[in-house]
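Text of the file final_39.cif, holding mmCIF, C-alpha atoms:
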```
data_entry
#
loop_
_atom_site.label_atom_id
_atom_site.label_comp_id
_atom_site.auth_asym_id
_atom_site.auth_seq_id
_atom_site.Cartn_x
_atom_site.Cartn_y
_atom_site.Cartn_z
CA MET A 1 59.33 -83.79 -72.28
CA GLY A 2 60.57 -80.85 -74.32
CA GLY A 3 64.30 -81.45 -73.90
CA PRO A 4 65.25 -82.05 -77.55
CA TYR A 5 63.08 -79.16 -78.76
CA THR A 6 64.49 -76.79 -76.14
CA MET A 7 68.06 -77.89 -76.86
CA SER A 8 67.56 -77.19 -80.55
CA LYS A 9 66.45 -73.64 -79.74
CA HIS A 10 69.53 -73.06 -77.57
CA ALA A 11 71.68 -74.45 -80.38
CA VAL A 12 70.17 -71.92 -82.79
CA GLU A 13 71.06 -69.13 -80.37
CA ALA A 14 74.64 -70.37 -79.92
CA PHE A 15 75.06 -70.80 -83.67
CA THR A 16 73.69 -67.29 -84.25
CA ASP A 17 76.15 -65.76 -81.77
CA THR A 18 79.10 -67.69 -83.23
CA LEU A 19 78.18 -66.90 -86.81
CA ALA A 20 77.70 -63.22 -85.94
CA VAL A 21 81.23 -62.99 -84.54
CA GLU A 22 82.74 -64.92 -87.46
CA LEU A 23 80.97 -62.87 -90.14
CA ALA A 24 81.29 -59.43 -88.51
CA PRO A 25 84.70 -58.75 -90.14
CA PHE A 26 82.97 -59.04 -93.51
CA GLY A 27 80.19 -56.61 -92.60
CA VAL A 28 77.58 -59.36 -92.42
CA HIS A 29 74.97 -59.00 -89.68
CA VAL A 30 73.46 -62.16 -88.21
CA GLY A 31 70.26 -62.21 -86.23
CA VAL A 32 67.71 -64.67 -84.92
CA ILE A 33 63.95 -64.52 -84.63
CA GLU A 34 62.80 -65.95 -81.29
CA PRO A 35 59.06 -66.55 -81.51
CA GLY A 36 56.69 -67.38 -78.69
CA ASN A 37 53.45 -69.34 -78.81
CA TYR A 38 51.74 -68.85 -82.15
CA ARG A 39 49.39 -71.03 -84.13
CA SER A 40 51.26 -73.99 -85.57
CA GLU A 41 51.10 -77.71 -86.12
CA ILE A 42 53.81 -78.47 -83.55
CA MET A 43 51.74 -80.91 -81.48
CA ALA A 44 50.31 -82.74 -84.48
CA ASN A 45 53.78 -82.98 -86.04
CA MET A 46 55.28 -84.29 -82.80
CA ARG A 47 52.65 -87.00 -82.53
CA GLU A 48 53.15 -87.97 -86.16
CA ARG A 49 56.93 -88.27 -85.76
CA LEU A 50 56.58 -90.37 -82.62
CA ALA A 51 54.11 -92.69 -84.39
CA GLU A 52 56.29 -92.96 -87.51
CA GLY A 53 59.27 -93.83 -85.34
CA GLY A 54 57.27 -96.49 -83.54
CA TYR A 55 57.81 -94.84 -80.18
CA GLY A 56 55.01 -95.18 -77.69
CA GLY A 57 57.02 -94.96 -74.51
CA ASP A 58 56.24 -98.50 -73.41
CA GLY A 59 58.51 -99.43 -70.53
CA SER A 60 59.90 -95.92 -70.26
CA ARG A 61 60.42 -94.25 -66.91
CA TYR A 62 58.65 -91.30 -68.49
CA GLN A 63 55.52 -93.19 -69.56
CA LYS A 64 53.19 -91.03 -67.44
CA GLN A 65 54.71 -87.78 -68.70
CA LEU A 66 54.57 -88.98 -72.31
CA ASP A 67 50.95 -90.08 -71.92
CA ARG A 68 50.12 -86.65 -70.48
CA LEU A 69 51.92 -84.94 -73.36
CA LEU A 70 50.18 -87.04 -75.99
CA ALA A 71 46.81 -86.37 -74.36
CA GLN A 72 47.18 -82.64 -75.00
CA PRO A 73 45.01 -81.31 -77.82
CA THR A 74 46.69 -80.76 -81.18
CA ASP A 75 44.27 -77.93 -81.96
CA ARG A 76 46.18 -74.68 -81.49
CA THR A 77 43.55 -72.39 -83.01
CA GLN A 78 43.36 -70.46 -79.73
CA TYR A 79 46.80 -69.00 -80.55
CA LYS A 80 47.38 -66.03 -82.83
CA GLU A 81 48.41 -66.53 -86.44
CA PRO A 82 52.20 -66.08 -86.79
CA ASP A 83 51.90 -62.89 -88.86
CA GLU A 84 53.99 -61.01 -86.25
CA VAL A 85 56.77 -63.57 -86.71
CA ALA A 86 56.74 -63.04 -90.48
CA ALA A 87 56.83 -59.25 -89.93
CA ALA A 88 59.86 -59.67 -87.64
CA PHE A 89 61.67 -61.62 -90.38
CA LEU A 90 60.96 -58.82 -92.84
CA GLN A 91 62.15 -56.24 -90.32
CA ALA A 92 65.35 -58.20 -89.63
CA LEU A 93 66.07 -58.45 -93.35
CA THR A 94 65.47 -54.76 -94.03
CA ASP A 95 66.69 -52.99 -90.86
CA ALA A 96 69.51 -50.53 -91.49
CA ALA A 97 71.00 -51.68 -88.18
CA PRO A 98 69.72 -55.23 -87.63
CA ARG A 99 69.54 -56.54 -84.10
CA ARG A 100 71.05 -59.81 -82.95
CA ARG A 101 67.77 -60.99 -81.44
CA TYR A 102 64.15 -60.32 -82.27
CA MET A 103 61.85 -61.58 -79.54
CA VAL A 104 58.36 -61.96 -80.99
CA VAL A 105 55.68 -62.95 -78.52
CA PRO A 106 51.90 -62.74 -78.80
CA ASN A 107 51.22 -61.05 -75.45
CA GLN A 108 52.64 -59.26 -72.41
CA ARG A 109 52.57 -62.42 -70.28
CA GLU A 110 54.92 -64.29 -72.62
CA ALA A 111 57.19 -61.25 -72.86
CA GLU A 112 57.45 -61.11 -69.08
CA LEU A 113 58.09 -64.86 -68.77
CA THR A 114 60.84 -64.67 -71.37
CA ILE A 115 62.57 -61.67 -69.79
CA ARG A 116 62.22 -63.08 -66.25
CA THR A 117 63.81 -66.35 -67.41
CA ALA A 118 66.76 -64.43 -68.86
CA LEU A 119 67.12 -62.40 -65.64
CA ALA A 120 66.98 -65.57 -63.53
CA ARG A 121 69.87 -66.98 -65.56
CA ILE A 122 71.89 -63.83 -64.89
CA VAL A 123 71.20 -64.08 -61.15
CA GLN A 124 72.19 -67.78 -61.16
CA LEU A 125 75.35 -67.05 -63.16
CA ASN A 126 76.33 -64.25 -60.79
CA ALA A 127 75.65 -66.16 -57.56
CA ALA A 128 78.40 -67.51 -55.32
CA GLN A 129 81.30 -66.79 -57.59
CA PRO A 130 84.39 -64.81 -56.58
CA TYR A 131 83.62 -61.82 -58.79
CA ALA A 132 79.89 -61.59 -58.08
CA TYR A 133 78.17 -58.24 -58.45
CA ASP A 134 75.93 -56.80 -55.77
CA ARG A 135 72.53 -55.35 -56.66
CA GLU A 136 73.94 -51.92 -57.43
CA GLY A 137 76.65 -53.42 -59.63
CA LEU A 138 74.11 -55.44 -61.59
CA ILE A 139 71.89 -52.38 -62.03
CA LYS A 140 74.89 -50.39 -63.25
CA LEU A 141 75.68 -53.09 -65.82
CA LEU A 142 72.05 -53.16 -66.93
CA ASP A 143 71.97 -49.38 -67.26
CA GLU A 144 75.17 -49.46 -69.36
CA GLU A 145 73.69 -52.10 -71.67
CA LEU A 146 70.47 -50.14 -72.03
CA GLN A 147 72.50 -47.02 -72.93
CA ARG A 148 74.31 -48.96 -75.69
CA LYS A 149 71.03 -49.95 -77.30
#
```

Please, can you express the file's structure as structure tokens?
Amino acid sequence: MGGPYTMSKHAVEAFTDTLAVELAPFGVHVGVIEPGNYRSEIMANMRERLAEGGYGGDGSRYQKQLDRLLAQPTDRTQYKEPDEVAAAFLQALTDAAPRRRYMVVPNQREAELTIRTALARIVQLNAAQPYAYDREGLIKLLDEELQRK
């Protein structure tokens, strides 16, 4: 049930990449902060917007999924305060050589999930295409990218 939210995050990434290319000739660096799960009002806000829009899911093929989503607690106090996200914004604004992406996650588990998801996309993109890389070729590309950074 997170399609629109997820699509908006991918749109931010695409816009960041496009803007970075377009503004590079003018010496302008563009970056994006990509935060993980921190304390927020996201669930409460989602419920409020659904209620304001009069959407309850009645008659929807996704009624069960929506009911399950709406049954989730809105209390997110178990998550860390987003101070690390604010610090990443400050870093991005003041870095001598700003990065394109700043991944800010509250723990090792979220970092691993995020990186594994990116690697899975690379594997999927590489699979069954005429110019696919073997394992050694992919490792060589990864090593070259790591050397650049």

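Evaluated on this file, the PyMOL selection byres ((chain A and resi 67) around 12) matches Met1, Arg47, Tyr55, Gly56, Gly57, Asp58, Ser60, Arg61, Tyr62, Gln63, Lys64, Gln65, Leu66, Arg68, Leu69, Leu70, Ala71 and Gln72 of chain A.
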
Quick one: residues within 12 Å of Gly2 of chain A, all atoms listed in the file, excluding same-chain residues fewer than 2 positions away - as a ChimeraX atom specification? /A:4-9,42-43,46,65-66,69

Leaving out segment 99-102 of chain A and any residue of its chain fewer than 6 positions from it, which residues lie within 10 Å of it when counting only C-alpha atoms, given as a PyMOL selection string? chain A and resi 13+16-17+20+29-35+85+88-89+91-92+149

Correct to one decimal, the distance atom CA of Ile115 of chain A-atom CA of Ala87 of chain A is 21.1 Å

Could you please determine the separation between atom CA of Ala24 of chain A and atom CA of Asp143 of chain A in Å, to one decimal place? 25.3 Å

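Nearest residue to Ile139 of chain A, choosing from A:Leu19, A:Met103, A:Leu125, A:Leu119 and counting all atoms listed in the file: A:Leu119.
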
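Atom CA of Glu81 of chain A to atom CA of Ser40 of chain A spans 8.0 Å [interatomic distance, one decimal].
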
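Excluding Ile122 of chain A itself and same-chain residues fewer than 6 positions from it, the residues having an atom within 12 Å of it are A:Ile115, A:Arg116, A:Ala132, A:Tyr133, A:Arg135, A:Leu138, A:Ile139, A:Leu141, A:Leu142, counting only C-alpha atoms.
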
Closest of A:Gln129, A:Gln124, A:Gly36, A:Gly53 to Glu84 of chain A, counting only C-alpha atoms, is A:Gly36

Extending 3 Å beyond the listed atoms of segment 62-78 of chain A on each side, what axis-aligned box results? I want centre and edge lengths in Å to one decimal, as JSON.
```
{"center_x": 51.0, "center_y": -81.8, "center_z": -75.2, "size_x": 21.3, "size_y": 28.7, "size_z": 21.6}
```

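Distances from A:Ala127, A:Val104, A:Leu23, A:Leu146 to Tyr38 of chain A were compared using only C-alpha atoms, and the smallest one belongs to A:Val104.
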
Completion of segment 62-73 of chain A up to N, CA and C atoms, as an mmCIF file, keeping the file's coordinate frame:
```cif
data_model
loop_
_atom_site.group_PDB
_atom_site.id
_atom_site.type_symbol
_atom_site.label_atom_id
_atom_site.label_comp_id
_atom_site.auth_asym_id
_atom_site.auth_seq_id
_atom_site.Cartn_x
_atom_site.Cartn_y
_atom_site.Cartn_z
ATOM 1 N N TYR A 62 59.419 -92.510 -68.231
ATOM 2 C CA TYR A 62 58.650 -91.300 -68.490
ATOM 3 C C TYR A 62 57.291 -91.591 -69.107
ATOM 4 N N GLN A 63 56.798 -92.788 -68.943
ATOM 5 C CA GLN A 63 55.520 -93.190 -69.560
ATOM 6 C C GLN A 63 54.394 -92.238 -69.176
ATOM 7 N N LYS A 64 54.282 -91.903 -67.889
ATOM 8 C CA LYS A 64 53.190 -91.030 -67.440
ATOM 9 C C LYS A 64 53.302 -89.642 -68.077
ATOM 10 N N GLN A 65 54.521 -89.104 -68.111
ATOM 11 C CA GLN A 65 54.710 -87.780 -68.700
ATOM 12 C C GLN A 65 54.401 -87.805 -70.198
ATOM 13 N N LEU A 66 54.833 -88.870 -70.875
ATOM 14 C CA LEU A 66 54.570 -88.980 -72.310
ATOM 15 C C LEU A 66 53.070 -89.121 -72.563
ATOM 16 N N ASP A 67 52.398 -89.928 -71.768
ATOM 17 C CA ASP A 67 50.950 -90.080 -71.920
ATOM 18 C C ASP A 67 50.253 -88.734 -71.733
ATOM 19 N N ARG A 68 50.697 -87.967 -70.737
ATOM 20 C CA ARG A 68 50.120 -86.650 -70.480
ATOM 21 C C ARG A 68 50.368 -85.708 -71.677
ATOM 22 N N LEU A 69 51.580 -85.767 -72.209
ATOM 23 C CA LEU A 69 51.920 -84.940 -73.360
ATOM 24 C C LEU A 69 51.059 -85.308 -74.566
ATOM 25 N N LEU A 70 50.943 -86.593 -74.832
ATOM 26 C CA LEU A 70 50.180 -87.040 -75.990
ATOM 27 C C LEU A 70 48.683 -86.818 -75.827
ATOM 28 N N ALA A 71 48.228 -86.632 -74.606
ATOM 29 C CA ALA A 71 46.810 -86.370 -74.360
ATOM 30 C C ALA A 71 46.446 -84.904 -74.612
ATOM 31 N N GLN A 72 47.453 -84.055 -74.746
ATOM 32 C CA GLN A 72 47.180 -82.640 -75.000
ATOM 33 C C GLN A 72 46.556 -82.479 -76.382
ATOM 34 N N PRO A 73 45.652 -81.514 -76.512
ATOM 35 C CA PRO A 73 45.010 -81.310 -77.820
ATOM 36 C C PRO A 73 46.021 -80.817 -78.856
#
```
